[in-house]
$ cat protein.pdb   # PDB, C-alpha atoms
ATOM      1  CA  MET A   1       0.000   0.000   0.000
ATOM      2  CA  LEU A   2       2.661   2.484   1.078
ATOM      3  CA  SER A   3       6.075   2.940  -0.477
ATOM      4  CA  PRO A   4       8.861   5.381   0.408
ATOM      5  CA  ILE A   5       8.925   8.820  -1.211
ATOM      6  CA  GLY A   6      12.479   9.474  -0.062
ATOM      7  CA  VAL A   7      15.115   8.764   2.549
ATOM      8  CA  ILE A   8      16.224  10.648   5.666
ATOM      9  CA  ARG A   9      19.940  11.263   6.201
ATOM     10  CA  SER A  10      21.279  12.048   9.664
ATOM     11  CA  GLU A  11      24.279  11.655  11.937
ATOM     12  CA  HIS A  12      22.407   9.010  13.951
ATOM     13  CA  ILE A  13      23.548   5.518  13.104
ATOM     14  CA  LYS A  14      22.816   3.666  16.351
ATOM     15  CA  PRO A  15      19.245   3.504  17.673
ATOM     16  CA  GLU A  16      20.393   3.578  21.309
ATOM     17  CA  GLN A  17      22.281   6.842  20.758
ATOM     18  CA  THR A  18      19.581   8.636  18.793
ATOM     19  CA  PRO A  19      17.715  11.481  20.528
ATOM     20  CA  ILE A  20      14.160  10.451  21.349
ATOM     21  CA  GLN A  21      12.486  13.620  20.067
ATOM     22  CA  PRO A  22      13.363  16.670  17.940
ATOM     23  CA  VAL A  23      13.268  18.924  21.047
ATOM     24  CA  TYR A  24      16.207  16.894  22.384
ATOM     25  CA  ALA A  25      18.065  16.957  19.062
ATOM     26  CA  LYS A  26      18.921  20.672  18.970
ATOM     27  CA  GLY A  27      21.860  21.227  16.637
ATOM     28  CA  CYS A  28      21.459  17.863  14.909
ATOM     29  CA  GLN A  29      21.171  18.624  11.215
ATOM     30  CA  GLY A  30      19.986  16.216   8.583
ATOM     31  CA  GLN A  31      18.887  16.007   4.963
ATOM     32  CA  VAL A  32      15.658  14.724   3.569
ATOM     33  CA  ASP A  33      16.293  13.320   0.112
ATOM     34  CA  VAL A  34      12.983  13.162  -1.747
ATOM     35  CA  PHE A  35      13.017  10.893  -4.787
ATOM     36  CA  PRO A  36      12.984  12.756  -8.148
ATOM     37  CA  GLU A  37       9.529  11.510  -9.123
ATOM     38  CA  PHE A  38       7.985  13.323  -6.127
ATOM     39  CA  SER A  39      10.053  16.523  -6.175
ATOM     40  CA  GLU A  40       7.304  18.642  -7.766
ATOM     41  CA  GLY A  41       5.216  18.072  -4.616
ATOM     42  CA  LEU A  42       7.766  20.050  -2.570
ATOM     43  CA  CYS A  43       6.849  23.416  -4.164
ATOM     44  CA  ASP A  44       5.998  26.084  -1.564
ATOM     45  CA  LEU A  45       7.230  23.960   1.354
ATOM     46  CA  GLU A  46      10.125  26.387   1.927
ATOM     47  CA  GLY A  47       7.645  28.960   3.257
ATOM     48  CA  PHE A  48       7.159  26.907   6.401
ATOM     49  CA  SER A  49       9.634  27.094   9.292
ATOM     50  CA  HIS A  50       8.672  23.637  10.595
ATOM     51  CA  ILE A  51       7.504  20.453   8.892
ATOM     52  CA  TYR A  52       6.285  17.012   9.885
ATOM     53  CA  LEU A  53       8.313  14.077   8.679
ATOM     54  CA  ILE A  54       6.286  10.880   8.604
ATOM     55  CA  TYR A  55       8.421   7.796   8.256
ATOM     56  CA  CYS A  56       8.843   4.121   8.904
ATOM     57  CA  PHE A  57      10.635   2.995  12.087
ATOM     58  CA  HIS A  58      12.559   0.500   9.958
ATOM     59  CA  LYS A  59      14.759  -0.757  12.838
ATOM     60  CA  ALA A  60      11.996  -0.973  15.432
ATOM     61  CA  GLY A  61      11.830  -4.727  15.868
ATOM     62  CA  ALA A  62       8.730  -6.617  16.958
ATOM     63  CA  ALA A  63       5.678  -4.668  18.103
ATOM     64  CA  LYS A  64       4.820  -4.596  21.814
ATOM     65  CA  LEU A  65       1.597  -3.442  23.441
ATOM     66  CA  ILE A  66       3.181  -2.647  26.817
ATOM     67  CA  VAL A  67       6.490  -0.789  26.876
ATOM     68  CA  LYS A  68       8.761   1.064  29.275
ATOM     69  CA  PRO A  69       9.125   4.538  27.756
ATOM     70  CA  PHE A  70      12.594   6.098  27.521
ATOM     71  CA  LEU A  71      11.699   8.821  29.996
ATOM     72  CA  GLN A  72      10.169   6.721  32.771
ATOM     73  CA  ASP A  73      10.835   3.274  34.227
ATOM     74  CA  VAL A  74       7.140   2.315  34.363
ATOM     75  CA  ASN A  75       5.150   0.042  32.051
ATOM     76  CA  ARG A  76       2.774   1.958  29.787
ATOM     77  CA  GLY A  77       0.455   1.110  26.911
ATOM     78  CA  VAL A  78       2.401   1.645  23.691
ATOM     79  CA  PHE A  79      -0.222   4.078  22.309
ATOM     80  CA  ALA A  80       0.391   6.312  25.355
ATOM     81  CA  THR A  81       4.062   6.524  24.336
ATOM     82  CA  ARG A  82       6.115   7.450  21.285
ATOM     83  CA  ALA A  83       8.113   4.202  21.366
ATOM     84  CA  PRO A  84       9.077   2.806  17.928
ATOM     85  CA  CYS A  85       7.930  -0.788  18.547
ATOM     86  CA  ARG A  86       4.293  -0.103  17.603
ATOM     87  CA  PRO A  87       1.820  -2.329  15.717
ATOM     88  CA  ASN A  88       2.233  -0.026  12.708
ATOM     89  CA  ALA A  89       5.782   1.304  12.989
ATOM     90  CA  ILE A  90       5.043   4.848  11.829
ATOM     91  CA  GLY A  91       7.117   7.712  13.241
ATOM     92  CA  VAL A  92       6.265  11.409  13.252
ATOM     93  CA  SER A  93       8.851  14.128  13.885
ATOM     94  CA  ILE A  94       8.417  17.898  13.754
ATOM     95  CA  VAL A  95      11.676  19.366  12.478
ATOM     96  CA  LYS A  96      12.896  22.835  11.563
ATOM     97  CA  LEU A  97      13.201  23.378   7.824
ATOM     98  CA  LEU A  98      16.423  25.328   7.293
ATOM     99  CA  ARG A  99      16.235  25.478   3.496
ATOM    100  CA  ARG A 100      15.208  23.577   0.403
ATOM    101  CA  GLU A 101      17.627  22.890  -2.445
ATOM    102  CA  GLY A 102      15.490  21.332  -5.141
ATOM    103  CA  ARG A 103      14.447  17.945  -3.842
ATOM    104  CA  ILE A 104      16.791  18.072  -0.809
ATOM    105  CA  LEU A 105      15.465  19.504   2.446
ATOM    106  CA  HIS A 106      18.001  20.656   5.014
ATOM    107  CA  VAL A 107      16.500  20.237   8.460
ATOM    108  CA  GLU A 108      17.465  20.764  12.091
ATOM    109  CA  GLY A 109      16.391  18.888  15.203
ATOM    110  CA  ILE A 110      16.551  15.521  13.507
ATOM    111  CA  ASP A 111      15.883  12.563  15.821
ATOM    112  CA  VAL A 112      15.688   9.987  13.054
ATOM    113  CA  LEU A 113      18.132   7.205  12.148
ATOM    114  CA  ASP A 114      20.225   7.595   9.014
ATOM    115  CA  GLY A 115      18.647   5.722   6.104
ATOM    116  CA  THR A 116      15.071   5.925   7.425
ATOM    117  CA  PRO A 117      12.432   5.511   4.684
ATOM    118  CA  LEU A 118      10.291   8.644   4.339
ATOM    119  CA  LEU A 119       6.544   8.203   3.812
ATOM    120  CA  ASP A 120       5.140  11.729   3.829
ATOM    121  CA  ILE A 121       5.841  15.383   4.555
ATOM    122  CA  LYS A 122       3.266  17.839   5.870
ATOM    123  CA  PRO A 123       3.662  21.498   6.837
ATOM    124  CA  TYR A 124       3.431  22.393  10.542
ATOM    125  CA  VAL A 125       0.644  24.962  10.671
ATOM    126  CA  SER A 126       0.293  26.892  13.939
ATOM    127  CA  ARG A 127      -3.445  27.403  13.557
ATOM    128  CA  PHE A 128      -3.960  23.641  13.249
ATOM    129  CA  ASP A 129      -1.208  22.126  15.356
ATOM    130  CA  ARG A 130      -0.233  24.392  18.245
ATOM    131  CA  ILE A 131      -2.621  22.933  20.797
ATOM    132  CA  SER A 132      -3.169  24.053  24.401
ATOM    133  CA  SER A 133      -3.276  20.555  25.830
ATOM    134  CA  LYS A 134      -4.244  20.613  29.473
ATOM    135  CA  ARG A 135      -3.117  17.132  30.495
ATOM    136  CA  ASN A 136      -0.052  15.257  29.306
ATOM    137  CA  GLY A 137      -0.615  11.985  31.186
ATOM    138  CA  TRP A 138       2.468  10.298  32.628
ATOM    139  CA  GLN A 139       4.658  12.857  30.853
ATOM    140  CA  ASP A 140       3.506  15.378  33.471
ATOM    141  CA  GLU A 141       5.259  13.194  36.082
ATOM    142  CA  VAL A 142       8.632  13.636  34.335
ATOM    143  CA  ASN A 143      10.342  16.948  35.056
ATOM    144  CA  GLU A 144      11.869  18.803  32.142
ATOM    145  CA  LYS A 145      15.446  18.576  33.405
ATOM    146  CA  THR A 146      15.240  14.775  33.586
ATOM    147  CA  ALA A 147      13.548  14.627  30.193
ATOM    148  CA  ARG A 148      16.279  16.725  28.566
ATOM    149  CA  LYS A 149      19.038  14.658  30.125
ATOM    150  CA  LYS A 150      17.542  11.319  29.124
ATOM    151  CA  GLY A 151      16.087  12.445  25.819
ATOM    152  CA  LYS A 152      19.349  13.546  24.193
ATOM    153  CA  ARG A 153      20.941  10.114  24.781
ATOM    154  CA  LYS A 154      23.982  10.715  22.558
ATOM    155  CA  MET A 155      25.212  13.362  25.010
ATOM    156  CA  ILE A 156      25.050  10.917  27.878
ATOM    157  CA  ARG A 157      27.111   8.367  25.944
ATOM    158  CA  ARG A 158      29.820  10.875  25.089
ATOM    159  CA  ARG A 159      30.688  11.588  28.732
TER     160      ARG A 159
ATOM    161  CA  MET B   1       3.345  -3.766   5.717
ATOM    162  CA  LEU B   2       0.670  -1.773   7.567
ATOM    163  CA  SER B   3      -2.745  -2.996   8.612
ATOM    164  CA  PRO B   4      -5.518  -1.208  10.505
ATOM    165  CA  ILE B   5      -5.571  -1.330  14.321
ATOM    166  CA  GLY B   6      -9.127  -0.008  14.453
ATOM    167  CA  VAL B   7     -11.748   2.120  12.778
ATOM    168  CA  ILE B   8     -12.842   5.733  13.265
ATOM    169  CA  ARG B   9     -16.558   6.490  13.635
ATOM    170  CA  SER B  10     -17.879   9.981  12.972
ATOM    171  CA  GLU B  11     -20.881  11.922  11.726
ATOM    172  CA  HIS B  12     -19.011  12.716   8.514
ATOM    173  CA  ILE B  13     -20.160  10.574   5.626
ATOM    174  CA  LYS B  14     -19.422  12.807   2.643
ATOM    175  CA  PRO B  15     -15.862  13.930   1.948
ATOM    176  CA  GLU B  16     -17.011  17.296   0.578
ATOM    177  CA  GLN B  17     -18.893  18.097   3.814
ATOM    178  CA  THR B  18     -16.184  16.991   6.219
ATOM    179  CA  PRO B  19     -14.300  19.706   8.148
ATOM    180  CA  ILE B  20     -10.745  20.019   6.866
ATOM    181  CA  GLN B  21      -9.056  20.096  10.287
ATOM    182  CA  PRO B  22      -9.940  19.366  13.951
ATOM    183  CA  VAL B  23      -9.826  23.105  14.760
ATOM    184  CA  TYR B  24     -12.773  23.553  12.369
ATOM    185  CA  ALA B  25     -14.652  20.542  13.773
ATOM    186  CA  LYS B  26     -15.496  21.937  17.205
ATOM    187  CA  GLY B  27     -18.429  20.020  18.656
ATOM    188  CA  CYS B  28     -18.039  17.100  16.233
ATOM    189  CA  GLN B  29     -17.747  14.024  18.414
ATOM    190  CA  GLY B  30     -16.594  10.627  17.244
ATOM    191  CA  GLN B  31     -15.493   7.232  18.475
ATOM    192  CA  VAL B  32     -12.273   5.420  17.851
ATOM    193  CA  ASP B  33     -12.927   1.704  17.935
ATOM    194  CA  VAL B  34      -9.627  -0.082  18.510
ATOM    195  CA  PHE B  35      -9.673  -3.772  17.643
ATOM    196  CA  PRO B  36      -9.644  -6.117  20.690
ATOM    197  CA  GLU B  37      -6.193  -7.517  19.929
ATOM    198  CA  PHE B  38      -4.641  -4.062  20.391
ATOM    199  CA  SER B  39      -6.691  -2.834  23.365
ATOM    200  CA  GLU B  40      -3.941  -3.448  25.938
ATOM    201  CA  GLY B  41      -1.832  -0.828  24.163
ATOM    202  CA  LEU B  42      -4.382   1.866  25.169
ATOM    203  CA  CYS B  43      -3.439   1.745  28.879
ATOM    204  CA  ASP B  44      -2.584   5.185  30.300
ATOM    205  CA  LEU B  45      -3.815   7.026  27.186
ATOM    206  CA  GLU B  46      -6.697   8.517  29.203
ATOM    207  CA  GLY B  47      -4.208  10.751  31.026
ATOM    208  CA  PHE B  48      -3.714  12.816  27.885
ATOM    209  CA  SER B  49      -6.178  15.552  26.916
ATOM    210  CA  HIS B  50      -5.233  15.376  23.227
ATOM    211  CA  ILE B  51      -4.067  12.551  20.980
ATOM    212  CA  TYR B  52      -2.865  12.092  17.416
ATOM    213  CA  LEU B  53      -4.907   9.828  15.206
ATOM    214  CA  ILE B  54      -2.891   8.483  12.288
ATOM    215  CA  TYR B  55      -5.042   6.950   9.608
ATOM    216  CA  CYS B  56      -5.480   6.087   5.981
ATOM    217  CA  PHE B  57      -7.271   8.560   3.675
ATOM    218  CA  HIS B  58      -9.218   5.650   2.253
ATOM    219  CA  LYS B  59     -11.398   7.796  -0.039
ATOM    220  CA  ALA B  60      -8.641  10.074  -1.270
ATOM    221  CA  GLY B  61      -8.477   8.995  -4.899
ATOM    222  CA  ALA B  62      -5.379   9.229  -7.066
ATOM    223  CA  ALA B  63      -2.337  11.033  -5.753
ATOM    224  CA  LYS B  64      -1.457  14.451  -7.168
ATOM    225  CA  LEU B  65       1.776  16.383  -6.770
ATOM    226  CA  ILE B  66       0.200  19.796  -7.356
ATOM    227  CA  VAL B  67      -3.101  20.627  -5.661
ATOM    228  CA  LYS B  68      -5.351  23.568  -4.904
ATOM    229  CA  PRO B  69      -5.703  23.571  -1.100
ATOM    230  CA  PHE B  70      -9.161  23.969   0.431
ATOM    231  CA  LEU B  71      -8.242  27.309   1.954
ATOM    232  CA  GLN B  72      -6.715  29.005  -1.077
ATOM    233  CA  ASP B  73      -7.381  29.000  -4.817
ATOM    234  CA  VAL B  74      -3.710  28.730  -5.774
ATOM    235  CA  ASN B  75      -1.744  25.691  -6.955
ATOM    236  CA  ARG B  76       0.644  24.368  -4.308
ATOM    237  CA  GLY B  77       2.941  21.381  -3.953
ATOM    238  CA  VAL B  78       0.992  18.639  -2.175
ATOM    239  CA  PHE B  79       3.621  18.329   0.585
ATOM    240  CA  ALA B  80       3.036  22.002   1.446
ATOM    241  CA  THR B  81      -0.639  21.168   2.057
ATOM    242  CA  ARG B  82      -2.701  18.756   4.128
ATOM    243  CA  ALA B  83      -4.703  17.544   1.113
ATOM    244  CA  PRO B  84      -5.687  13.839   1.198
ATOM    245  CA  CYS B  85      -4.549  12.977  -2.355
ATOM    246  CA  ARG B  86      -0.898  12.380  -1.367
ATOM    247  CA  PRO B  87       1.532   9.738  -2.679
ATOM    248  CA  ASN B  88       1.124   7.894   0.642
ATOM    249  CA  ALA B  89      -2.419   8.688   1.755
ATOM    250  CA  ILE B  90      -1.663   9.044   5.476
ATOM    251  CA  GLY B  91      -3.718  11.475   7.540
ATOM    252  CA  VAL B  92      -2.865  12.962  10.924
ATOM    253  CA  SER B  93      -5.444  14.633  13.191
ATOM    254  CA  ILE B  94      -4.982  16.008  16.688
ATOM    255  CA  VAL B  95      -8.252  15.440  18.561
ATOM    256  CA  LYS B  96      -9.447  15.983  22.107
ATOM    257  CA  LEU B  97      -9.771  12.755  24.102
ATOM    258  CA  LEU B  98     -12.993  13.061  26.116
ATOM    259  CA  ARG B  99     -12.798   9.629  27.749
ATOM    260  CA  ARG B 100     -11.807   6.022  27.230
ATOM    261  CA  GLU B 101     -14.233   3.154  27.725
ATOM    262  CA  GLY B 102     -12.112   0.047  27.368
ATOM    263  CA  ARG B 103     -11.073  -0.104  23.738
ATOM    264  CA  ILE B 104     -13.397   2.736  22.659
ATOM    265  CA  LEU B 105     -12.076   6.288  22.668
ATOM    266  CA  HIS B 106     -14.588   9.124  22.719
ATOM    267  CA  VAL B 107     -13.085  12.113  20.958
ATOM    268  CA  GLU B 108     -14.038  15.649  20.022
ATOM    269  CA  GLY B 109     -12.961  17.752  17.053
ATOM    270  CA  ILE B 110     -13.135  14.865  14.642
ATOM    271  CA  ASP B 111     -12.467  15.814  11.013
ATOM    272  CA  VAL B 112     -12.292  12.256   9.723
ATOM    273  CA  LEU B 113     -14.742  10.329   7.543
ATOM    274  CA  ASP B 114     -16.850   7.602   9.162
ATOM    275  CA  GLY B 115     -15.280   4.195   8.583
ATOM    276  CA  THR B 116     -11.719   5.470   8.234
ATOM    277  CA  PRO B 117      -9.084   2.779   8.933
ATOM    278  CA  LEU B 118      -6.922   3.706  11.949
ATOM    279  CA  LEU B 119      -3.184   3.022  11.725
ATOM    280  CA  ASP B 120      -1.753   4.434  14.967
ATOM    281  CA  ILE B 121      -2.457   6.558  18.030
ATOM    282  CA  LYS B 122       0.143   8.714  19.768
ATOM    283  CA  PRO B 123      -0.242  11.054  22.739
ATOM    284  CA  TYR B 124       0.008  14.802  22.099
ATOM    285  CA  VAL B 125       2.807  15.948  24.390
ATOM    286  CA  SER B 126       3.177  19.708  24.865
ATOM    287  CA  ARG B 127       6.915  19.552  25.476
ATOM    288  CA  PHE B 128       7.418  17.772  22.136
ATOM    289  CA  ASP B 129       4.673  19.108  19.919
ATOM    290  CA  ARG B 130       3.716  22.667  20.844
ATOM    291  CA  ILE B 131       6.103  24.414  18.489
ATOM    292  CA  SER B 132       6.655  28.153  18.093
ATOM    293  CA  SER B 133       6.735  28.084  14.322
ATOM    294  CA  LYS B 134       7.732  31.441  12.918
ATOM    295  CA  ARG B 135       6.594  31.001   9.327
ATOM    296  CA  ASN B 136       3.507  29.188   8.086
ATOM    297  CA  GLY B 137       4.062  29.599   4.340
ATOM    298  CA  TRP B 138       0.995  30.270   2.214
ATOM    299  CA  GLN B 139      -1.202  29.667   5.277
ATOM    300  CA  ASP B 140      -0.028  33.075   6.544
ATOM    301  CA  GLU B 141      -1.773  34.605   3.510
ATOM    302  CA  VAL B 142      -5.163  33.197   4.610
ATOM    303  CA  ASN B 143      -6.839  35.174   7.375
ATOM    304  CA  GLU B 144      -8.367  33.258  10.249
ATOM    305  CA  LYS B 145     -11.930  34.364   9.524
ATOM    306  CA  THR B 146     -11.762  33.000   5.979
ATOM    307  CA  ALA B 147     -10.074  29.822   7.179
ATOM    308  CA  ARG B 148     -12.810  29.171   9.760
ATOM    309  CA  LYS B 149     -15.568  29.805   7.257
ATOM    310  CA  LYS B 150     -14.086  27.545   4.587
ATOM    311  CA  GLY B 151     -12.653  24.939   6.929
ATOM    312  CA  LYS B 152     -15.943  23.899   8.560
ATOM    313  CA  ARG B 153     -17.531  23.096   5.180
ATOM    314  CA  LYS B 154     -20.580  21.346   6.595
ATOM    315  CA  MET B 155     -21.795  24.671   7.995
ATOM    316  CA  ILE B 156     -21.555  26.275   4.577
ATOM    317  CA  ARG B 157     -23.632  23.488   3.017
ATOM    318  CA  ARG B 158     -26.360  23.758   5.639
ATOM    319  CA  ARG B 159     -27.190  27.360   4.839
TER     320      ARG B 159
END
$ encode --input "protein.pdb" --output "structure tokens"
Amino acid sequence: MLSPIGVIRSEHIKPEQTPIQPVYAKGCQGQVDVFPEFSEGLCDLEGFSHIYLIYCFHKAGAAKLIVKPFLQDVNRGVFATRAPCRPNAIGVSIVKLLRREGRILHVEGIDVLDGTPLLDIKPYVSRFDRISSKRNGWQDEVNEKTARKKGKRKMIRRR
Amino acid sequence: MLSPIGVIRSEHIKPEQTPIQPVYAKGCQGQVDVFPEFSEGLCDLEGFSHIYLIYCFHKAGAAKLIVKPFLQDVNRGVFATRAPCRPNAIGVSIVKLLRREGRILHVEGIDVLDGTPLLDIKPYVSRFDRISSKRNGWQDEVNEKTARKKGKRKMIRRR
């Protein structure tokens, strides 16, 4: 049904060292290489400062329904987490679009493994997507300092 | 590769009357019916006030690379829009989670056609997803009053 429209290039080659979210991948630049047959669809994308990348977690392994999220050592339902090992291994990342050079997008805040198959790109639109969510479930139990420390992952390894 | 984990139920039965985004579907309630074999994965989701529904635009028709978006009568690259007729017909909607009853999620702000196959659910997490995007491309050319009027669609038809 679905087939890749491109490939994501990044500095992240090991899953266990890859930041868990774009907010913890500040300074990590990457390229989105959209295949030539889809390049026309990228027109006007450069007007947006942020975009959604929708991709396949191609290294996720077998799906689990109960997982321990990266940020908390407690079992949670997989749909209440962003863990890769989901029944349909679809990932969504909101990254900063630095510039477009033809069919290559230069992005920042990339939390995606090098070589990841790209499925779709959508613009981040403030009027649609910037939600005032009142409750963030178990995430509200994790303080921001802990989240930043754990979420970057690569930084921890380098010490 | 992918197969549905559930089905989305809504009051929307005609594509041309369906609101184009959750922000224009205020008051539209729906149910997300997750198949029994995946219900365990819903644990803890009820703690989140908003969730992402990731689904298949099953009535989208043939993909196009250049489209006229609903909100503006100008040709745009499909990846700079949220139009359904994309190379991979994946839709993403951020809806309000009213409550969970076992494997049924009651949601508000549903902009999805009745019978839509569900692929994934993720929690909306403010610290990850509430982005201060500086530029919103051609969307910045559409004023909010026009967007609201056009985006609801059903309301226009009822007059």
$ residues_around --input "protein.pdb" --residues "Val23 in chain B" --least-positions-apart "6" --cutoff "8 Å" --atoms "only C-alpha atoms" --output "list in words"
Arg127 and Phe128 of chain A; Gly109 of chain B
$ residues_around --input "protein.pdb" --residues "range 4-19 of chain A" --least-positions-apart "2" --cutoff "10 Å" --atoms "all atoms listed in the file" --output "ChimeraX atom specification"
/A:2,21-26,28-39,53,55-56,59-60,103-121,148,150-158 /B:87-88
$ interface_residues --input "protein.pdb" --of "chain B" --to "chain A" --cutoff "7 Å" --atoms "only C-alpha atoms" --output "PyMOL selection string"
chain B and resi 2+21+23+38+40-45+47-50+65-66+76-82+88+119-123+125-126+128+130-131+133-138
$ atom_distance --input "protein.pdb" --atom1 "CA of Gln72 in chain A" --atom2 "CA of Lys149 in chain A"
12.2 Å
$ atom_distance --input "protein.pdb" --atom1 "CA of Leu97 in chain B" --atom2 "CA of Gly27 in chain B"
12.5 Å
$ axis_aligned_box --input "protein.pdb" --around "range 136-145 of chain B" --padding-each-side "6 Å" --output "JSON"
{"center_x": -3.9, "center_y": 32.2, "center_z": 6.2, "size_x": 28.0, "size_y": 18.0, "size_z": 20.0}
$ atom_distance --input "protein.pdb" --atom1 "CA of Val142 in chain A" --atom2 "CA of Leu71 in chain A"
7.2 Å
$ closest_residue --input "protein.pdb" --among "B:Cys85, B:Leu98, B:His58, B:Glu141" --to "Asp73 in chain B" --atoms "only C-alpha atoms"
B:Glu141
$ decode --input "protein.pdb" --residues "range 109-125 of chain A" --atoms "N, CA, C and O atoms" --output "CSV table (one decimal), in the first residue's frame"
chain,number,residue,atom,x,y,z
A,109,GLY,N,17.2,19.5,14.2
A,109,GLY,CA,16.4,18.9,15.2
A,109,GLY,C,16.0,17.5,14.8
A,109,GLY,O,14.9,17.0,15.1
A,110,ILE,N,16.9,16.8,14.1
A,110,ILE,CA,16.6,15.5,13.5
A,110,ILE,C,16.8,14.4,14.6
A,110,ILE,O,17.9,14.3,15.1
A,111,ASP,N,15.8,13.6,14.8
A,111,ASP,CA,15.9,12.6,15.8
A,111,ASP,C,15.7,11.2,15.1
A,111,ASP,O,15.1,10.3,15.8
A,112,VAL,N,16.0,11.1,13.9
A,112,VAL,CA,15.7,10.0,13.1
A,112,VAL,C,17.0,9.3,12.6
A,112,VAL,O,18.0,10.0,12.3
A,113,LEU,N,17.0,8.0,12.6
A,113,LEU,CA,18.1,7.2,12.1
A,113,LEU,C,18.5,7.5,10.7
A,113,LEU,O,17.6,7.6,9.8
A,114,ASP,N,19.8,7.5,10.4
A,114,ASP,CA,20.2,7.6,9.0
A,114,ASP,C,19.7,6.4,8.2
A,114,ASP,O,19.7,5.3,8.6
A,115,GLY,N,19.2,6.8,7.0
A,115,GLY,CA,18.6,5.7,6.1
A,115,GLY,C,17.2,5.4,6.3
A,115,GLY,O,16.6,4.5,5.7
A,116,THR,N,16.5,6.2,7.2
A,116,THR,CA,15.1,5.9,7.4
A,116,THR,C,14.2,6.2,6.2
A,116,THR,O,14.3,7.3,5.6
A,117,PRO,N,13.3,5.3,5.8
A,117,PRO,CA,12.4,5.5,4.7
A,117,PRO,C,11.4,6.6,5.0
A,117,PRO,O,10.6,6.4,6.0
A,118,LEU,N,11.3,7.6,4.2
A,118,LEU,CA,10.3,8.6,4.3
A,118,LEU,C,9.0,8.3,3.7
A,118,LEU,O,9.0,7.8,2.5
A,119,LEU,N,7.9,8.5,4.4
A,119,LEU,CA,6.5,8.2,3.8
A,119,LEU,C,5.8,9.4,3.4
A,119,LEU,O,5.0,9.4,2.4
A,120,ASP,N,5.9,10.5,4.1
A,120,ASP,CA,5.1,11.7,3.8
A,120,ASP,C,5.8,12.9,4.5
A,120,ASP,O,6.6,12.8,5.4
A,121,ILE,N,5.4,14.1,4.0
A,121,ILE,CA,5.8,15.4,4.6
A,121,ILE,C,4.6,16.2,4.6
A,121,ILE,O,3.8,16.3,3.7
A,122,LYS,N,4.4,16.9,5.8
A,122,LYS,CA,3.3,17.8,5.9
A,122,LYS,C,3.8,19.1,6.5
A,122,LYS,O,4.7,19.1,7.3
A,123,PRO,N,3.2,20.3,6.2
A,123,PRO,CA,3.7,21.5,6.8
A,123,PRO,C,3.1,21.6,8.3
A,123,PRO,O,2.0,21.1,8.5
A,124,TYR,N,3.9,22.1,9.2
A,124,TYR,CA,3.4,22.4,10.5
A,124,TYR,C,2.7,23.7,10.4
A,124,TYR,O,3.3,24.7,10.0
A,125,VAL,N,1.5,23.8,10.8
A,125,VAL,CA,0.6,25.0,10.7
A,125,VAL,C,0.2,25.3,12.1
A,125,VAL,O,-0.6,24.6,12.7
